[in-house]
Number of protein chains: 2
Amino acid sequence: MPYYIGDVVKEEKRMIARTPEQFAKTGVDVKLNTEVETVDSDNGLIRLSNNTTMPYDMMVMATGSDAFMPDIPGVNRDGVFKLKNLTDAIRIKTFLTAKKCTKAVVVGAGCIAMEISEALTQRGVKTQIVYRGERPVRRWSPEFSDMVLEELTAHNVDFITHETPVAVEQGSDAFPLRLVTENSSLDADIILFALGVKPSTALARDMGLAIGSSGAIQVNFAQRTSREEVYAVGDCCEAFNRVSRSWQSPLLGDIANKQGRVAGATIGGHAMSFPGFVGAQSFKIFELDVGITGLTEDEARIHGFDPVCETISGTPIARSLNAGEKLKLKLIADRYTGKLLGAQAAGNGGAVSRINALSACLWSGITIDEVGYIDIAYSPYYGGPWDPIHIAAQSLGRKL
Amino acid sequence: MPYYIGDVVKEEKRMIARTPEQFAKTGVDVKLNTEVETVDSDNGLIRLSNNTTMPYDMMVMATGSDAFMPDIPGVNRDGVFKLKNLTDAIRIKTFLTAKKCTKAVVVGAGCIAMEISEALTQRGVKTQIVYRGERPVRRWSPEFSDMVLEELTAHNVDFITHETPVAVEQGSDAFPLRLVTENSSLDADIILFALGVKPSTALARDMGLAIGSSGAIQVNFAQRTSREEVYAVGDCCEAFNRVSRSWQSPLLGDIANKQGRVAGATIGGHAMSFPGFVGAQSFKIFELDVGITGLTEDEARIHGFDPVCETISGTPIARSLNAGEKLKLKLIADRYTGKLLGAQAAGNGGAVSRINALSACLWSGITIDEVGYIDIAYSPYYGGPWDPIHIAAQSLGRKL
């Protein structure tokens, strides 16, 4: 009989089963609000926090990831949140409404920080982002993060750079919280830490499972860990990057879903292997859609490639129909093999569409010359007869 | 010195050179409004309509295609147009304004007929489409053409089926033109024939160039015809379909552009080869975007495949954010190899984006199992963690 241990199911609206009773009907025994204390892997026995034990033949580790929280005073104050799971989202929404929040501080400048800043602004909450670096979404090249920054500014979101939080304190009469940074302080109704996540591997380490250089649990293509009866899926484990040919910790929800299905099918007797990922990622910030795939120049260098790149400014649809919408596209290729290595795009529509087509190109490892002539569905509403993909690829090809 | 013979350049706004004088500065001698009467290919000599001759070492045939016009009385009446080139567009626009047209009849139901119907409706011109068949855009499966039909109806465009034009006559006092069909008649201010195009090969046939089974000029991957000094590009010649592994007559502008560049580079001493196409095509009709790529089931059968297909109804963005927008996606795979053969999509956004990613999959010939796990940029604004592409591919995979 399969067991499920955790506390997320009860919040998920679309699952077939939500309560232990509903799960029981599907043949799954669900232990909610129960922690695994230790695993005796030699004897296939789990000891739970309620002091009972549970036997297993096969185990799937799906411990996910933990949100980074800075080790500073005051982060446990009422109104300070991390951004990790659905429980956080529900608590934040409840707090925003109950306290009639009008001002928020977001710490961090990744995709999730961008998305929460948009969501807060659209609720009428004045938002200030505090970041230790210079530009948002640092995986993207400056020409794209500058576009994101412009979009934030155009929508009245403050972006405060080069500041590291040192404490959360009581605020003023107007705003109950104060984020103290090295050089300044910001008052707010709510403070949100969006500093990314790290694989949750404590239990795996206790069990002696091999941990990869990325810090996540090592798995093979069937999602099996270093112990043959233990599988791992999702943020807690590594995944194979098809472009860099290396195991990484991508920490993305779509990859987690795919790994879960591979492990489940394999354990169920239908052997499957996870084909890997290429590094596709996207987010929307107000009127701008932003995407990335494959390797950045830095990532390419780390993995032994000699990256050559080209950035072009174009339009998401044919120029004759375009009403000022912008699209910027960067392609990165390897000097020696001519292969496409990565792409970045931002625009008023059409950026993620291009990134997805290029992700499919990366999947099979085609050359930049082929990308320059790839067949995509031409129609003026979706691009010119020479799409920005073709223009960028041909221009890059001339540099090789 | 390169020569250019034709009459299109003078209307094209974005070319570097428009007039013979401007072209002369670029080193190209342009003969506008000049026809080629005959080609003496054994002696490399062209005889022009102004009774002069021109020598050549290399020739590029770019004779394009001719619009189908029915051989019925009255098609030369004022207010009857074909839809082929920029000159037609300018004449139609001028006529619509000058005659204050309020009612149009469009004959034909392909992509161009759809686009002109939208354009007319958006100008406030009541539009009736007359078609000899049952559904619009017959390359698409009925589940998609039905969506197109609903979109036409929702925007007050009449779609009159099973009618073949037999004559254009003088109309009533209210409308000067009348399209008489086998069973009916329709009065209008303007009548537009959008019945598709066929390769223009008269000159090539006169020269004895090999013509392919598609009816277009045979070329190799360098765009060279059966005579080594003669190249052909665009609608007049064939192109290689990477999915069916056959030479076809795609008659699409983006392919024409690519072939032109391949021929130009090759003649200029930089040998290139045209890598082929996969059959990607798209159009927009009001709020619906519609795309297709690869082979249809019928096309797959003709080329010796055993097509298995699956159609799913989903949403273009994550369900949690979706405000009722629809997306329908059909995938077609080969039963024996498991390879993706084709895709069709229609939706309120997101359809062409999926078709382009799937076109890139077809480019490299990957299997439906891989399509089911392909890495595309997940974010709720662009889809769920399982994209409709994954859902359709996995569902299809279970049928193989």
# chains A, B, ... in the order shown; residues from 1 in each chain; ligands from 1
call {"tool": "interface_residues", "arguments": {"of": "chain B", "to": "chain A", "cutoff": "6 Å", "atoms": "only C-alpha atoms", "output": "count of residues only"}}
result
17
call {"tool": "select_by_dssp", "arguments": {"residues": "segment 47-263 of chain A", "states": "helix (DSSP H, G or I)", "output": "PyMOL selection string"}}
result
chain A and resi 86-98+111-122+142-154+202-206+234-236+253-263
call {"tool": "select_by_dssp", "arguments": {"residues": "segment 153-219 of chain B", "states": "strand (DSSP E or B)", "output": "list in words"}}
result
Asp158, Phe159, Ile160, Pro165, Val166, Ala167, Val168, Glu169, Gln170, Leu177, Arg178, Leu179, Val180, Thr181, Ser185, Leu186, Asp187, Ala188, Ile190, Ile191, Leu192, Phe193, Val197, Lys198, Pro199, Ile211 and Ile217 of chain B
call {"tool": "residues_around", "arguments": {"residues": "segment 120-125 of chain B", "least_positions_apart": "4", "cutoff": "8 Å", "atoms": "only C-alpha atoms", "output": "PyMOL selection string"}}
result
chain B and resi 101-104+116+155+157
call {"tool": "write_last_selection", "arguments": {"atoms": "N, CA and C atoms", "output": "mmCIF file, in the first residue's frame"}}
result
data_model
loop_
_atom_site.group_PDB
_atom_site.id
_atom_site.type_symbol
_atom_site.label_atom_id
_atom_site.label_comp_id
_atom_site.auth_asym_id
_atom_site.auth_seq_id
_atom_site.Cartn_x
_atom_site.Cartn_y
_atom_site.Cartn_z
ATOM 1 N N CYS B 101 -17.660 51.393 -49.679
ATOM 2 C CA CYS B 101 -18.229 50.034 -49.658
ATOM 3 C C CYS B 101 -18.784 49.699 -48.273
ATOM 4 N N THR B 102 -19.943 49.039 -48.256
ATOM 5 C CA THR B 102 -20.525 48.582 -46.989
ATOM 6 C C THR B 102 -20.745 47.070 -46.978
ATOM 7 N N LYS B 103 -20.601 46.450 -48.146
ATOM 8 C CA LYS B 103 -20.852 45.006 -48.192
ATOM 9 C C LYS B 103 -19.884 44.341 -49.173
ATOM 10 N N ALA B 104 -19.288 43.246 -48.696
ATOM 11 C CA ALA B 104 -18.307 42.523 -49.517
ATOM 12 C C ALA B 104 -18.656 41.053 -49.599
ATOM 13 N N ILE B 116 -8.692 38.547 -44.925
ATOM 14 C CA ILE B 116 -9.362 39.679 -45.573
ATOM 15 C C ILE B 116 -10.755 39.882 -44.971
ATOM 16 N N HIS B 155 -18.525 37.219 -35.117
ATOM 17 C CA HIS B 155 -18.199 38.568 -35.587
ATOM 18 C C HIS B 155 -19.024 38.948 -36.809
ATOM 19 N N VAL B 157 -19.729 37.578 -39.611
ATOM 20 C CA VAL B 157 -19.329 37.240 -40.983
ATOM 21 C C VAL B 157 -20.150 36.016 -41.403
#
call {"tool": "residues_around", "arguments": {"residues": "Cys236 of chain A", "least_positions_apart": "2", "cutoff": "6 Å", "atoms": "only C-alpha atoms", "output": "PyMOL selection string"}}
result
chain A and resi 63-65+199-200+216+234
call {"tool": "write_last_selection", "arguments": {"atoms": "N, CA, C and O atoms", "output": "PDB file, in the first residue's frame"}}
result
ATOM      1  N   THR A  63      11.142  15.758  -0.683  1.00  0.00           N
ATOM      2  CA  THR A  63      11.219  16.706   0.432  1.00  0.00           C
ATOM      3  C   THR A  63      11.301  18.156  -0.031  1.00  0.00           C
ATOM      4  O   THR A  63      11.271  19.081   0.776  1.00  0.00           O
ATOM      5  N   GLY A  64      11.405  18.360  -1.345  1.00  0.00           N
ATOM      6  CA  GLY A  64      11.337  19.715  -1.877  1.00  0.00           C
ATOM      7  C   GLY A  64      12.513  20.587  -1.509  1.00  0.00           C
ATOM      8  O   GLY A  64      13.658  20.121  -1.439  1.00  0.00           O
ATOM      9  N   SER A  65      12.223  21.837  -1.274  1.00  0.00           N
ATOM     10  CA  SER A  65      13.278  22.796  -0.975  1.00  0.00           C
ATOM     11  C   SER A  65      12.837  23.704   0.165  1.00  0.00           C
ATOM     12  O   SER A  65      11.654  23.784   0.480  1.00  0.00           O
ATOM     13  N   PRO A 199      17.757  23.007  -1.967  1.00  0.00           N
ATOM     14  CA  PRO A 199      17.210  21.652  -1.839  1.00  0.00           C
ATOM     15  C   PRO A 199      17.152  21.232  -0.374  1.00  0.00           C
ATOM     16  O   PRO A 199      18.094  21.482   0.386  1.00  0.00           O
ATOM     17  N   SER A 200      16.064  20.601   0.009  1.00  0.00           N
ATOM     18  CA  SER A 200      15.894  20.123   1.379  1.00  0.00           C
ATOM     19  C   SER A 200      16.415  18.689   1.456  1.00  0.00           C
ATOM     20  O   SER A 200      15.762  17.757   0.991  1.00  0.00           O
ATOM     21  N   ALA A 216      22.104  18.987  -4.201  1.00  0.00           N
ATOM     22  CA  ALA A 216      20.857  18.220  -4.210  1.00  0.00           C
ATOM     23  C   ALA A 216      21.174  16.718  -4.258  1.00  0.00           C
ATOM     24  O   ALA A 216      22.312  16.323  -4.523  1.00  0.00           O
ATOM     25  N   GLY A 234      11.872  16.045  -7.695  1.00  0.00           N
ATOM     26  CA  GLY A 234      11.566  17.436  -7.376  1.00  0.00           C
ATOM     27  C   GLY A 234      12.763  18.238  -6.906  1.00  0.00           C
ATOM     28  O   GLY A 234      13.917  17.861  -7.155  1.00  0.00           O
TER      29      GLY A 234
END
call {"tool": "atom_distance", "arguments": {"atom1": "atom CA of Lys82 of chain A", "atom2": "atom CA of Phe193 of chain A"}}
result
4.8 Å
call {"tool": "closest_residue", "arguments": {"among": "B:Leu195, B:Pro176, B:Ile72, B:Asp42", "to": "Ala109 of chain B", "atoms": "only C-alpha atoms"}}
result
B:Leu195
call {"tool": "residues_around", "arguments": {"residues": "Phe175 of chain A", "least_positions_apart": "6", "cutoff": "8 Å", "atoms": "only C-alpha atoms", "output": "PyMOL selection string"}}
result
chain A and resi 103+187-189
call {"tool": "write_last_selection", "arguments": {"atoms": "N, CA and C atoms", "output": "mmCIF file, in the first residue's frame"}}
result
data_model
loop_
_atom_site.group_PDB
_atom_site.id
_atom_site.type_symbol
_atom_site.label_atom_id
_atom_site.label_comp_id
_atom_site.auth_asym_id
_atom_site.auth_seq_id
_atom_site.Cartn_x
_atom_site.Cartn_y
_atom_site.Cartn_z
ATOM 1 N N LYS A 103 1.545 49.324 1.983
ATOM 2 C CA LYS A 103 2.956 49.425 1.602
ATOM 3 C C LYS A 103 3.687 48.131 1.936
ATOM 4 N N ASP A 187 10.045 51.501 6.138
ATOM 5 C CA ASP A 187 8.855 51.114 6.888
ATOM 6 C C ASP A 187 7.820 50.499 5.944
ATOM 7 N N ALA A 188 7.055 49.561 6.487
ATOM 8 C CA ALA A 188 6.064 48.873 5.649
ATOM 9 C C ALA A 188 5.017 48.194 6.523
ATOM 10 N N ASP A 189 3.893 47.814 5.864
ATOM 11 C CA ASP A 189 2.882 46.993 6.539
ATOM 12 C C ASP A 189 3.253 45.518 6.508
#
call {"tool": "closest_residue", "arguments": {"among": "B:Val243, B:Gly264, B:Ala62, B:Glu287", "to": "Glu150 of chain B", "atoms": "only C-alpha atoms"}}
result
B:Glu287
call {"tool": "closest_residue", "arguments": {"among": "A:Ser172, A:Ser41, A:Gln248, A:Ser185", "to": "Met59 of chain A", "atoms": "only C-alpha atoms"}}
result
A:Ser41
call {"tool": "residues_around", "arguments": {"residues": "Pro142 of chain B", "least_positions_apart": "5", "cutoff": "12 Å", "atoms": "only C-alpha atoms", "output": "VMD selection string"}}
result
chain B and resid 134 to 137 147 to 150 296 to 297 311 328 330 344 to 346
call {"tool": "atom_distance", "arguments": {"atom1": "atom CA of Met61 of chain A", "atom2": "atom CA of Tyr231 of chain A"}}
result
6.0 Å
call {"tool": "atom_distance", "arguments": {"atom1": "atom CA of Ala119 of chain B", "atom2": "atom CA of Lys99 of chain B"}}
result
16.7 Å
